[in-house]
Amino acid sequence: MSSLLKEEMRRVLFRPEGQSLVEFIEIEEPSQGRHFLCVSVSKSKVVQLCIVTCQKSQNSLKSGSKRSHTERSTFQDSYKKTEVWFLEDLTLVDGRDPDVDDPCFLMHFDKVRTVTAVSCSAKYSLVRALVALSDQHCQRSLNLQNFDWAYIKPTSFYSNRGDCVVLMQVCFYAFNLVCLSMCPVPLD
């Protein structure tokens with residue numbers, strides 16, 4: 001579902017503006033409709049962050065022959081950018097509390113923008129993409145505060161492949177614990 005949504009947003013919203021959609025997450029906003037925080041790169045290598053609102057619009061289609069006219073209504077998604085920032089203007093991303101599973105984070109531009117992702121993994125996925133894009137296109141490291149670095153920059157043994165690596169680490173540790181619990185303990 002998310003790949004279809006990403007492709008539709010690329011086609012309708014970003015490609016006509018000469019941009020490539022790199023990452024997006026769904027966020028919670030007080031206004032009605034679905035909202036997304038999107039990260040895109042232009043052909044001139046400028047990285048943009050934007051809030052995209054998705055509204056359902058109802059269209060009516062006329063169909064049928066000359067004698068019988070029927071109207072059929074369809075729902076179509078319409079996408080609109082409501083807020084836009086540049087990555088180079090982002091001074092700090094604050095995860096608020098790394099020890100709590102909190103999907104909320106703060107982005108510091110000239111003003112502070114509070115963002116609430118739909119999940120904590122979505123928050124970390126977006127921050128990993130921002131860190132990589134900042135290193136690649138802005139030639140500076142992104143200033144992060146209150147994030148668990150094990151989820152942002154994995155160690156060199158584990159390459160940066162996102163949530164799958166974290167899941168593999170957890171499974172590896174669980175397997176080790178099971179093996180250790182099955183070892184006999186000498187009762188001397």
# chains A, B, ... in the order shown; residues from 1 in each chain; ligands from 1
>>> residues_around(residues="Cys120 (chain A)", least_positions_apart="3", cutoff="10 Å", atoms="only C-alpha atoms", output="VMD selection string")
chain A and resid 95 100 to 105 116 to 117 123 to 125
>>> write_last_selection(atoms="all heavy atoms", output="mmCIF file, in the first residue's frame")
data_model
loop_
_atom_site.group_PDB
_atom_site.id
_atom_site.type_symbol
_atom_site.label_atom_id
_atom_site.label_comp_id
_atom_site.auth_asym_id
_atom_site.auth_seq_id
_atom_site.Cartn_x
_atom_site.Cartn_y
_atom_site.Cartn_z
ATOM 1 N N GLY A 95 14.452 14.364 19.228
ATOM 2 C CA GLY A 95 13.581 13.214 19.426
ATOM 3 C C GLY A 95 12.837 13.229 20.740
ATOM 4 O O GLY A 95 12.103 12.303 21.039
ATOM 5 N N VAL A 100 11.917 6.537 25.708
ATOM 6 C CA VAL A 100 10.476 6.301 25.647
ATOM 7 C C VAL A 100 10.088 6.092 24.183
ATOM 8 O O VAL A 100 10.610 6.755 23.298
ATOM 9 C CB VAL A 100 9.707 7.518 26.236
ATOM 10 C CG1 VAL A 100 8.208 7.335 26.112
ATOM 11 C CG2 VAL A 100 10.099 7.740 27.675
ATOM 12 N N ASP A 101 9.169 5.168 23.955
ATOM 13 C CA ASP A 101 8.686 4.900 22.595
ATOM 14 C C ASP A 101 7.703 5.997 22.205
ATOM 15 O O ASP A 101 6.487 5.823 22.273
ATOM 16 C CB ASP A 101 8.039 3.517 22.549
ATOM 17 C CG ASP A 101 7.856 3.014 21.142
ATOM 18 O OD1 ASP A 101 8.529 3.524 20.233
ATOM 19 O OD2 ASP A 101 7.029 2.102 20.950
ATOM 20 N N ASP A 102 8.256 7.154 21.808
ATOM 21 C CA ASP A 102 7.459 8.343 21.514
ATOM 22 C C ASP A 102 7.608 8.710 20.042
ATOM 23 O O ASP A 102 8.711 9.022 19.595
ATOM 24 C CB ASP A 102 7.941 9.500 22.399
ATOM 25 C CG ASP A 102 7.161 10.779 22.194
ATOM 26 O OD1 ASP A 102 6.058 10.741 21.622
ATOM 27 O OD2 ASP A 102 7.664 11.840 22.613
ATOM 28 N N PRO A 103 6.518 8.703 19.261
ATOM 29 C CA PRO A 103 6.627 9.034 17.843
ATOM 30 C C PRO A 103 6.721 10.534 17.550
ATOM 31 O O PRO A 103 6.859 10.940 16.403
ATOM 32 C CB PRO A 103 5.348 8.446 17.246
ATOM 33 C CG PRO A 103 4.376 8.470 18.364
ATOM 34 C CD PRO A 103 5.179 8.257 19.616
ATOM 35 N N CYS A 104 6.698 11.353 18.581
ATOM 36 C CA CYS A 104 6.739 12.805 18.403
ATOM 37 C C CYS A 104 8.189 13.290 18.374
ATOM 38 O O CYS A 104 9.041 12.787 19.102
ATOM 39 C CB CYS A 104 5.976 13.478 19.538
ATOM 40 S SG CYS A 104 5.757 15.233 19.305
ATOM 41 N N PHE A 105 8.477 14.274 17.512
ATOM 42 C CA PHE A 105 9.798 14.883 17.470
ATOM 43 C C PHE A 105 9.670 16.335 17.039
ATOM 44 O O PHE A 105 8.622 16.762 16.566
ATOM 45 C CB PHE A 105 10.762 14.108 16.559
ATOM 46 C CG PHE A 105 10.347 13.989 15.124
ATOM 47 C CD1 PHE A 105 10.892 14.821 14.158
ATOM 48 C CD2 PHE A 105 9.420 13.034 14.731
ATOM 49 C CE1 PHE A 105 10.520 14.702 12.826
ATOM 50 C CE2 PHE A 105 9.054 12.907 13.404
ATOM 51 C CZ PHE A 105 9.595 13.740 12.452
ATOM 52 N N THR A 116 4.264 14.614 14.813
ATOM 53 C CA THR A 116 3.922 13.347 15.443
ATOM 54 C C THR A 116 3.738 12.308 14.352
ATOM 55 O O THR A 116 2.782 12.369 13.579
ATOM 56 C CB THR A 116 2.635 13.465 16.288
ATOM 57 O OG1 THR A 116 2.810 14.507 17.246
ATOM 58 C CG2 THR A 116 2.332 12.162 16.997
ATOM 59 N N ALA A 117 4.674 11.384 14.277
ATOM 60 C CA ALA A 117 4.590 10.304 13.295
ATOM 61 C C ALA A 117 3.560 9.286 13.772
ATOM 62 O O ALA A 117 3.148 9.287 14.933
ATOM 63 C CB ALA A 117 5.959 9.644 13.132
ATOM 64 N N LYS A 123 9.344 7.445 12.630
ATOM 65 C CA LYS A 123 10.178 8.575 13.028
ATOM 66 C C LYS A 123 11.647 8.276 12.774
ATOM 67 O O LYS A 123 12.356 9.083 12.158
ATOM 68 C CB LYS A 123 9.945 8.885 14.521
ATOM 69 C CG LYS A 123 10.897 9.910 15.103
ATOM 70 C CD LYS A 123 10.560 10.251 16.536
ATOM 71 C CE LYS A 123 11.275 9.412 17.529
ATOM 72 N NZ LYS A 123 11.142 9.899 18.911
ATOM 73 N N TYR A 124 12.117 7.101 13.192
ATOM 74 C CA TYR A 124 13.516 6.744 13.002
ATOM 75 C C TYR A 124 13.853 6.531 11.528
ATOM 76 O O TYR A 124 14.950 6.855 11.080
ATOM 77 C CB TYR A 124 13.878 5.513 13.831
ATOM 78 C CG TYR A 124 14.244 5.869 15.250
ATOM 79 C CD1 TYR A 124 13.299 5.881 16.266
ATOM 80 C CD2 TYR A 124 15.544 6.227 15.569
ATOM 81 C CE1 TYR A 124 13.638 6.222 17.562
ATOM 82 C CE2 TYR A 124 15.902 6.569 16.868
ATOM 83 C CZ TYR A 124 14.943 6.568 17.850
ATOM 84 O OH TYR A 124 15.284 6.914 19.131
ATOM 85 N N SER A 125 12.921 5.999 10.765
ATOM 86 C CA SER A 125 13.135 5.812 9.335
ATOM 87 C C SER A 125 13.357 7.156 8.640
ATOM 88 O O SER A 125 14.258 7.303 7.813
ATOM 89 C CB SER A 125 11.924 5.094 8.732
ATOM 90 O OG SER A 125 12.044 4.995 7.358
#
>>> closest_residue(among="A:His137, A:Lys111, A:Lys81, A:Arg128", to="His35 (chain A)", atoms="only C-alpha atoms")
A:Lys81
>>> closest_residue(among="A:Asp77, A:Glu7, A:Glu17, A:Glu88", to="Ser134 (chain A)", atoms="only C-alpha atoms")
A:Glu88
>>> select_by_dssp(residues="region 102-171 of chain A", states="helix (DSSP H, G or I)", output="ChimeraX atom specification")
/A:120-138,149-152,163-171
